[in-house]
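For reference, the structure is listed below as structure tokens.
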Amino acid sequence: MGSYILRRCAMMAPVLFGVTIIVFLVISLIPGDPAKAILGTFATPENMAQLRHDLGLDQSLPAQYVIWLGHVLRGDLGRSFILHKPVMEEVLDRLLPTLLLAGTALVLASLVGSLLGIVAAVRQNAWQDKLITIAALIGISTPSFWLGILMIFLFGVRLAWLPVGGMQEMFGGGGLVDTLRHLVLPASVLAAVAGAVLVRLTRGAMLEILRQDYIRTARAKGLSEARVIYGHAFRNAIVGIIPVIGLEAGYVLGGAVYIETVFQWPGVGRMLVNAISTRDILLVQGGVLVIAAAYVVINLLTDIVQSMLDPRIRQS
Amino acid sequence: MNTIRLSRRSVTAGIMALPALQIPAWAQTPKGVLVVGHLAELQTLDPAQAVTISDFRILCNIYEGLLHYKDGSLDVEPGLAESWTVSSDAKTYTFKLRKGVKFHDGTDFNADAVKFNFDRVTDKDHPYYNTGPFPFVFILGPIEKTEVIDPYTVALHLKEPYAPILTGLGGSIGALAGISPAAVKQYGKDFSRHGGGTGPFKFTLWESGQRFVLEANKDHWGGSPKLDGVVFRPIIDENARVSEMLSGGTDITVEVPPDNIETFTSSPKFTYYEQVGPHLWYLLLNTKAKPFDDKRVRQAANYAINKEALVKDILKGTATVADGVTPAAFGWAHDDSLKPYPYDPAKAKQLLADAGYPNGVDLTFYVTESGSGMLSPVLMGTAIQADLAAVGIRSKVETYEWNTFLGKIIPSMEGKAEIAELSFMTQDPDMHPFLALKTGAPVNSGGYSNAKVDALIEQGRAEIDPTKRAVIYKEMQEILYDDAPWVFICNWKQNAVSTSGVKGFELHPSFTTRFYKTYKA
């Protein structure tokens, strides 16, 4: 087990290295640079040359990358061209809110998604199944930013039950209850799609397992229905569900970009949207690097959990 | 199943029955504090580094320049300088500084501080030049050196006469004169995150992506502001800004989307503000090649477009029709005798035929997806394309993202497109023509050249008497109106909305938000 985890950790480094090269190349390929974004219609050749020099953009692309990488290896992600502060500081400020939002959404999606999937499978073709299947279909096909705007209008503006955005009240806020109140809408919206996918997956897996011989045997032995469903069927279904939850982690981290914008959540996603439009290369690099690292770590954790649940993986 | 159906129906009915605007108790903001729905994250606390109007809307409350714009106009009045004189060669500006002014950190404002601030941004050998870059300092002109004459007198020496320096010093970038040198020395590169000025509010808290908090500077030389503090919330999505305003999460917000204005103007709970600014939205024409090398075709384009309809239907009244190159917001320099080109498709067709294009022309038209001050550029582009096509100026629209778009048209659009949308916002009537219309100017994308206009631009820069300067600019406007290097479309009217309890606020033509006199009733 230990060597398996070590091996997986060692694989993280090349993955992250590859990610930085791709991000650097992609953002260099889109036209315009921070100097142009800053100067806009005042981008005279003279102003541009001066600003590019001051920002260190007058060096060749490979040179810029090598300088950046050298700093990264020393734990320095550079300084944002636009926000005038160390990238590391900004990314760390933004990381916690994103992890809170994406983590809550993932837990919510996993619990509610698999529970509803079980109900749908057990009550196959009954009204519960139909209702859950339709709801899941709507969840999968609704764009999350649109759902977000709808929720804001309904619960924030019309009913005024919940705040329409932000992470804390501007005044007297900041406690656990306050943060949870702000978390409800964005986390639910973000969880909707991920949860809907899990509903369908769990339902399918459970239906297949419930037809197996050992389930019939368990029932014939006289075990309670709850024991059959949760003790026998779901324990086997979950082996197939866990890796999908790992993939869903990538989805909620990516989906956070829209949700954070709609709900003014102060996370990495919203920071990245701004950084891309202003061509703030180093901030984009730093943000993507951290998100990629989070994704890799979450996948590692799901693999570990899966190998604990399923001895066949450990042995292979 | 029946129960579910019933409860769902009753929830829906309940929502419909609720009043549209219900301000919940938990969202009330404290009385002494103004909460602002702000367009973007603050980028820097250093006015010498700042580049966006969004930053300057905050910074104008923290910093003061030597000069200051009067309420409601772009005319300068004393700021941190009580008076000033200009030498007869128009190259030396001498300022008498206000005494007894202190920076937020308690240090004294004096001539040494002013010299430090100008040297920092103009002298590459200055020990704190590396706290830059300072992209927009060029607006202040060719400053050669800054001289301390006595502790409260300072002189700016220019390499050549540059009359626009006064509006520059009164404007956003001019606020760099009032930076605390002690703070720059203390924080170095991180001054951008701490700041320090002399203004009516001082910086207290900055939480990335959440809030930016200012506190009243009770020791301000002009007296304490009426508010105890101001909180700027970065709300980048415009729908979210509207939702926050409706739910009571903010007291005031700027740049209300055209489609939402009605929501606020129709309710007594809100006050709506608007102010036209020194902004021009226009079409660049490539004057170096056919067909726009012919003045008649350029005039035809000006007659062909129904600007009234654009402003009314697309921009919903958030702009006024432009009458030429100099926006009316520059009261003193604007030629009031000019009237916008009327919408006259018949005359446009006639001019086109006179120029030798009876069957019309086929062109390329660059449109941008977004961009600072571009006001619904895609919708505008589509409507303009239709108006032009109706008189025979048929165009193929190519749409680009803003940065790409700028790269396509700067320094020149020659050989790529004949028409392009653009907008410009400046603080002096000199700047836009100087950068974009003078022969060979750096962003003269349409390649326009007119010796008489060139001469007038130069004269205007050198003339320190505002009355004589105004005469020069009015002559320039008349020539450019007739010669039509661009299609003049509209001037942006900036808007804002506040709850009706907010008093003592007005928008300023510089598009900054000054909260010194604001309070909540």
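By order in the structure tokens, chains are A, B, ...; within a chain, residues start at 1; ligands start at 1, following the order shown.
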
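Neighbouring residues of His220 in chain B at 8 Å or closer, counting only C-alpha atoms and skipping chain neighbours under 5 positions away, are Val101, Lys102, Thr198, Gly199 and Pro200 of chain B.
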
For all heavy atoms, I'd like the residues from the last selection saved as a CSV table (one decimal), in the first residue's frame.
```
chain,number,residue,atom,x,y,z
B,101,VAL,N,-1.0,70.1,5.6
B,101,VAL,CA,-1.6,68.9,5.1
B,101,VAL,C,-0.8,67.7,5.6
B,101,VAL,O,0.4,67.8,5.5
B,101,VAL,CB,-1.7,68.9,3.6
B,101,VAL,CG1,-2.3,67.6,3.1
B,101,VAL,CG2,-2.6,70.0,3.1
B,102,LYS,N,-1.4,66.7,6.1
B,102,LYS,CA,-0.7,65.5,6.5
B,102,LYS,C,-1.1,64.3,5.8
B,102,LYS,O,-2.3,64.1,5.4
B,102,LYS,CB,-0.9,65.3,8.0
B,102,LYS,CG,-0.2,66.2,8.9
B,102,LYS,CD,0.0,65.7,10.3
B,102,LYS,CE,0.7,66.7,11.3
B,102,LYS,NZ,2.1,66.9,10.9
B,198,THR,N,-3.4,61.7,1.1
B,198,THR,CA,-3.9,62.7,2.0
B,198,THR,C,-5.4,62.9,1.9
B,198,THR,O,-5.9,63.7,2.6
B,198,THR,CB,-3.3,64.1,1.5
B,198,THR,OG1,-3.8,64.3,0.2
B,198,THR,CG2,-1.8,64.1,1.5
B,199,GLY,N,-6.1,62.0,1.1
B,199,GLY,CA,-7.5,62.2,0.8
B,199,GLY,C,-8.4,62.0,2.0
B,199,GLY,O,-8.0,61.7,3.1
B,200,PRO,N,-9.7,62.3,1.7
B,200,PRO,CA,-10.7,62.2,2.8
B,200,PRO,C,-11.0,60.9,3.3
B,200,PRO,O,-11.6,60.7,4.4
B,200,PRO,CB,-12.0,62.8,2.0
B,200,PRO,CG,-11.7,62.6,0.6
B,200,PRO,CD,-10.3,62.7,0.4
```

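The neighbours of Val86 in chain B here are the residues that come within 12 Å of it, using only C-alpha atoms and leaving out any residue fewer than 6 positions away in the same chain; they are Thr92, Tyr93, Thr94, Phe95, Lys96, Ala155, Leu156, His157, Leu158, Pro161, Tyr162, Ala163, Ile165, Leu166, Ala462, Glu463, Ile464 and Asp465 of chain B.
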
Might you pull out every residue within 8 Å of Gly255 in chain A, with only C-alpha atoms counted and same-chain residues fewer than 4 positions away left off, and present them as a PyMOL selection string? chain A and resi 144+190+251+259

Between B:Gly170, B:Pro291, B:Gly197, B:Pro151, which residue has the minimum interatomic distance to Leu351 in chain B, considering only C-alpha atoms? B:Pro291

Contacts of range 398-408 of chain B at 9 Å (only C-alpha atoms; same-chain gap of 3+ positions) as a compact mmCIF listing (two decimals) with N, CA and C atoms, in the first residue's frame:
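New file around11.txt:
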```txt
# COMPACT_ATOMS: atom_id res chain seq x y z
N ILE A 30 -2.57 32.95 -27.56
CA ILE A 30 -3.67 33.89 -27.80
C ILE A 30 -3.08 35.28 -27.99
N PRO A 31 -3.64 36.02 -28.97
CA PRO A 31 -3.06 37.34 -29.28
C PRO A 31 -3.18 38.29 -28.09
N GLY A 32 -2.31 39.26 -28.06
CA GLY A 32 -2.34 40.27 -27.01
C GLY A 32 -1.50 39.82 -25.83
N ASP A 33 -0.98 40.77 -25.08
CA ASP A 33 -0.21 40.44 -23.90
C ASP A 33 -0.61 41.41 -22.79
N LYS A 36 -0.53 45.10 -23.65
CA LYS A 36 -1.62 45.58 -24.49
C LYS A 36 -2.91 45.67 -23.69
N ALA A 37 -3.13 44.68 -22.82
CA ALA A 37 -4.34 44.70 -22.00
C ALA A 37 -4.34 45.93 -21.08
N GLY A 40 -4.49 49.32 -23.59
CA GLY A 40 -5.71 49.46 -24.40
C GLY A 40 -5.48 50.37 -25.58
N THR A 41 -6.33 51.39 -25.73
CA THR A 41 -6.22 52.28 -26.88
C THR A 41 -5.00 53.20 -26.79
N ALA A 43 -2.03 52.03 -26.53
CA ALA A 43 -0.92 51.13 -26.81
C ALA A 43 -0.04 51.65 -27.95
N SER A 277 -8.51 37.32 -19.08
CA SER A 277 -8.90 38.45 -19.94
C SER A 277 -7.87 39.57 -19.89
N THR A 278 -7.09 39.65 -18.83
CA THR A 278 -6.04 40.68 -18.80
C THR A 278 -4.68 40.11 -19.17
N ARG A 279 -4.65 38.84 -19.61
CA ARG A 279 -3.40 38.19 -20.02
C ARG A 279 -2.36 38.21 -18.90
N THR B 364 -14.60 45.54 -45.53
CA THR B 364 -14.49 44.74 -44.31
C THR B 364 -14.66 45.67 -43.10
N PHE B 365 -15.41 45.20 -42.11
CA PHE B 365 -15.77 46.01 -40.94
C PHE B 365 -15.36 45.23 -39.69
N TYR B 366 -14.41 45.77 -38.92
CA TYR B 366 -13.96 45.11 -37.70
C TYR B 366 -14.85 45.51 -36.52
N VAL B 367 -15.32 44.48 -35.81
CA VAL B 367 -16.16 44.70 -34.64
C VAL B 367 -15.50 43.99 -33.46
N THR B 368 -15.60 44.57 -32.28
CA THR B 368 -15.02 43.91 -31.10
C THR B 368 -16.14 43.33 -30.24
N GLU B 369 -15.80 42.26 -29.51
CA GLU B 369 -16.82 41.61 -28.67
C GLU B 369 -17.11 42.41 -27.41
N SER B 370 -16.07 43.08 -26.91
CA SER B 370 -16.23 43.83 -25.66
C SER B 370 -15.17 44.91 -25.67
N GLY B 371 -14.78 45.39 -24.51
CA GLY B 371 -13.73 46.40 -24.44
C GLY B 371 -14.19 47.58 -23.64
N SER B 372 -13.25 48.19 -22.94
CA SER B 372 -13.54 49.33 -22.08
C SER B 372 -14.21 50.45 -22.87
N VAL B 378 -21.21 44.56 -30.26
CA VAL B 378 -21.69 43.63 -31.29
C VAL B 378 -23.05 44.09 -31.84
N PRO B 411 -0.73 49.43 -34.90
CA PRO B 411 -0.79 50.85 -35.20
C PRO B 411 -1.61 51.21 -36.43
N SER B 412 -1.94 50.23 -37.30
CA SER B 412 -2.65 50.61 -38.52
C SER B 412 -3.57 49.49 -38.98
N MET B 413 -4.71 49.88 -39.55
CA MET B 413 -5.63 48.88 -40.07
C MET B 413 -5.49 48.74 -41.58
N LYS B 416 -6.17 45.65 -44.06
CA LYS B 416 -6.92 44.61 -43.36
C LYS B 416 -8.42 44.90 -43.37
```

Residues of chain A no more than 7 Å from chain B, counting only C-alpha atoms: send them over as a VMD selection string. chain A and resid 31 to 32 36 to 38 44 to 45 51 54 82 to 85 93 156 to 160 164 166 261 to 262 264 266

Env of range 104-108 of chain A: 9 Å cut, atoms = only C-alpha atoms, seq-sep filter 5 positions within chain, self excluded. Answer as a PDB file with N, CA, C and O atoms, in the first residue's frame.
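Everything below was put into around34.pdb:
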```
ATOM      1  N   LEU A  99     -11.912  25.556  -2.434  1.00  0.00           N
ATOM      2  CA  LEU A  99     -11.961  24.209  -1.877  1.00  0.00           C
ATOM      3  C   LEU A  99     -13.227  24.015  -1.046  1.00  0.00           C
ATOM      4  O   LEU A  99     -13.862  22.959  -1.090  1.00  0.00           O
ATOM      5  N   GLY A 113     -26.599  12.188  -4.587  1.00  0.00           N
ATOM      6  CA  GLY A 113     -26.614  11.479  -5.861  1.00  0.00           C
ATOM      7  C   GLY A 113     -26.708   9.982  -5.676  1.00  0.00           C
ATOM      8  O   GLY A 113     -27.564   9.316  -6.269  1.00  0.00           O
ATOM      9  N   LEU A 183     -23.140  29.687   1.399  1.00  0.00           N
ATOM     10  CA  LEU A 183     -22.659  28.519   0.652  1.00  0.00           C
ATOM     11  C   LEU A 183     -23.813  27.732   0.012  1.00  0.00           C
ATOM     12  O   LEU A 183     -23.629  27.084  -1.015  1.00  0.00           O
ATOM     13  N   PRO A 186     -24.665  28.514  -4.084  1.00  0.00           N
ATOM     14  CA  PRO A 186     -23.648  28.107  -5.055  1.00  0.00           C
ATOM     15  C   PRO A 186     -23.293  26.625  -4.969  1.00  0.00           C
ATOM     16  O   PRO A 186     -23.114  25.970  -6.005  1.00  0.00           O
ATOM     17  N   ALA A 187     -23.224  26.077  -3.765  1.00  0.00           N
ATOM     18  CA  ALA A 187     -22.851  24.665  -3.633  1.00  0.00           C
ATOM     19  C   ALA A 187     -23.938  23.771  -4.222  1.00  0.00           C
ATOM     20  O   ALA A 187     -23.650  22.795  -4.910  1.00  0.00           O
ATOM     21  N   SER A 188     -25.215  24.124  -4.002  1.00  0.00           N
ATOM     22  CA  SER A 188     -26.295  23.302  -4.549  1.00  0.00           C
ATOM     23  C   SER A 188     -26.284  23.331  -6.067  1.00  0.00           C
ATOM     24  O   SER A 188     -26.449  22.303  -6.723  1.00  0.00           O
ATOM     25  N   VAL A 189     -26.088  24.524  -6.622  1.00  0.00           N
ATOM     26  CA  VAL A 189     -26.090  24.633  -8.081  1.00  0.00           C
ATOM     27  C   VAL A 189     -24.926  23.841  -8.669  1.00  0.00           C
ATOM     28  O   VAL A 189     -25.071  23.110  -9.652  1.00  0.00           O
ATOM     29  N   LEU A 190     -23.758  23.988  -8.036  1.00  0.00           N
ATOM     30  CA  LEU A 190     -22.582  23.282  -8.530  1.00  0.00           C
ATOM     31  C   LEU A 190     -22.769  21.766  -8.384  1.00  0.00           C
ATOM     32  O   LEU A 190     -22.318  20.982  -9.221  1.00  0.00           O
ATOM     33  N   ALA A 191     -23.483  21.359  -7.320  1.00  0.00           N
ATOM     34  CA  ALA A 191     -23.677  19.932  -7.074  1.00  0.00           C
ATOM     35  C   ALA A 191     -24.719  19.332  -8.011  1.00  0.00           C
ATOM     36  O   ALA A 191     -24.765  18.120  -8.200  1.00  0.00           O
ATOM     37  N   ALA A 192     -25.569  20.184  -8.598  1.00  0.00           N
ATOM     38  CA  ALA A 192     -26.704  19.664  -9.370  1.00  0.00           C
ATOM     39  C   ALA A 192     -26.269  18.738 -10.496  1.00  0.00           C
ATOM     40  O   ALA A 192     -26.750  17.614 -10.614  1.00  0.00           O
ATOM     41  N   ALA A 194     -23.184  17.400 -11.127  1.00  0.00           N
ATOM     42  CA  ALA A 194     -22.368  16.283 -10.659  1.00  0.00           C
ATOM     43  C   ALA A 194     -23.254  15.231  -9.988  1.00  0.00           C
ATOM     44  O   ALA A 194     -23.100  14.020 -10.209  1.00  0.00           O
ATOM     45  N   GLY A 195     -24.209  15.692  -9.186  1.00  0.00           N
ATOM     46  CA  GLY A 195     -25.106  14.781  -8.492  1.00  0.00           C
ATOM     47  C   GLY A 195     -25.979  14.005  -9.466  1.00  0.00           C
ATOM     48  O   GLY A 195     -26.195  12.800  -9.311  1.00  0.00           O
ATOM     49  N   ILE A 245     -16.496   9.672  -8.815  1.00  0.00           N
ATOM     50  CA  ILE A 245     -16.469  10.819  -7.898  1.00  0.00           C
ATOM     51  C   ILE A 245     -15.139  11.563  -8.061  1.00  0.00           C
ATOM     52  O   ILE A 245     -15.099  12.792  -8.052  1.00  0.00           O
ATOM     53  N   GLU A 248     -15.549  13.601 -11.015  1.00  0.00           N
ATOM     54  CA  GLU A 248     -16.472  14.696 -10.713  1.00  0.00           C
ATOM     55  C   GLU A 248     -15.746  15.830  -9.987  1.00  0.00           C
ATOM     56  O   GLU A 248     -16.127  16.990 -10.092  1.00  0.00           O
ATOM     57  N   ALA A 249     -14.700  15.472  -9.225  1.00  0.00           N
ATOM     58  CA  ALA A 249     -13.916  16.506  -8.534  1.00  0.00           C
ATOM     59  C   ALA A 249     -13.366  17.483  -9.562  1.00  0.00           C
ATOM     60  O   ALA A 249     -13.379  18.699  -9.358  1.00  0.00           O
ATOM     61  N   VAL A 252     -16.312  19.706 -10.678  1.00  0.00           N
ATOM     62  CA  VAL A 252     -16.728  20.783  -9.763  1.00  0.00           C
ATOM     63  C   VAL A 252     -15.651  21.868  -9.669  1.00  0.00           C
ATOM     64  O   VAL A 252     -15.976  23.051  -9.568  1.00  0.00           O
TER      65      VAL A 252
END
```

Mind checking DSSP for range 69-303 of chain A and telling me the helix (DSSP H, G or I) residues as number ranges by chain? A: 69-73, 87-122, 127-141, 144-158, 176-210, 213-220, 225-262, 268-277, 281-303

Near-range 5-21 of chain A list (9 Å; only C-alpha atoms; drop same-chain fewer than 6 positions) as a count of residues only: 12

Determine which residues of range 261-466 of chain B receive a DSSP assignment of strand (DSSP E), computed from the backbone, and state them as a PyMOL selection string. chain B and resi 270-276+279-285+319-321+361-368+393-400+419-425

Taking 6 positions as the minimum chain separation for residues in the same chain, which residues sit within 10 Å of Asp354 in chain B when counting only C-alpha atoms? Answer as a short mmCIF file (atom, residue, chain, number, x, y, z; two decimals) with C-alpha atoms, in the first residue's frame.
```cif
data_model
loop_
_atom_site.label_atom_id
_atom_site.label_comp_id
_atom_site.auth_asym_id
_atom_site.auth_seq_id
_atom_site.Cartn_x
_atom_site.Cartn_y
_atom_site.Cartn_z
CA ARG B 296 -17.52 62.46 -49.86
CA VAL B 297 -17.59 58.75 -49.02
CA ALA B 348 -25.50 59.52 -48.40
#
```

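For the residues B:Ala390, B:Ala451, B:Leu285, B:Leu34, ranking by smallest atom-to-atom distance to Leu227 in chain B using only C-alpha atoms places B:Leu34 first.
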
Hey, can you check how far CA of Gly317 in chain B sits from CA of Ala329 in chain B? 16.5 Å

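For the set B:Ile53, B:Leu375, B:Cys490, B:Ile419, the residue with the smallest atom-to-atom gap to Glu308 in chain B is B:Cys490, counting only C-alpha atoms.
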
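Note that the spacing between CA of Gly250 in chain A and CA of Val23 in chain A amounts to 16.8 Å.
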
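For the choices A:Leu77, A:Leu309, A:Ile140, A:Leu116, the atom-to-atom distance to Val193 in chain A is smallest for A:Ile140 when using only C-alpha atoms.
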
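For the choices A:Met170, A:Ala35, A:Leu185, A:Leu61, the atom-to-atom distance to Phe212 in chain B is smallest for A:Met170 when using only C-alpha atoms.
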
What does the distance from CA of Leu283 in chain B to CA of Arg298 in chain B come to in Å, to one decimal? 10.3 Å
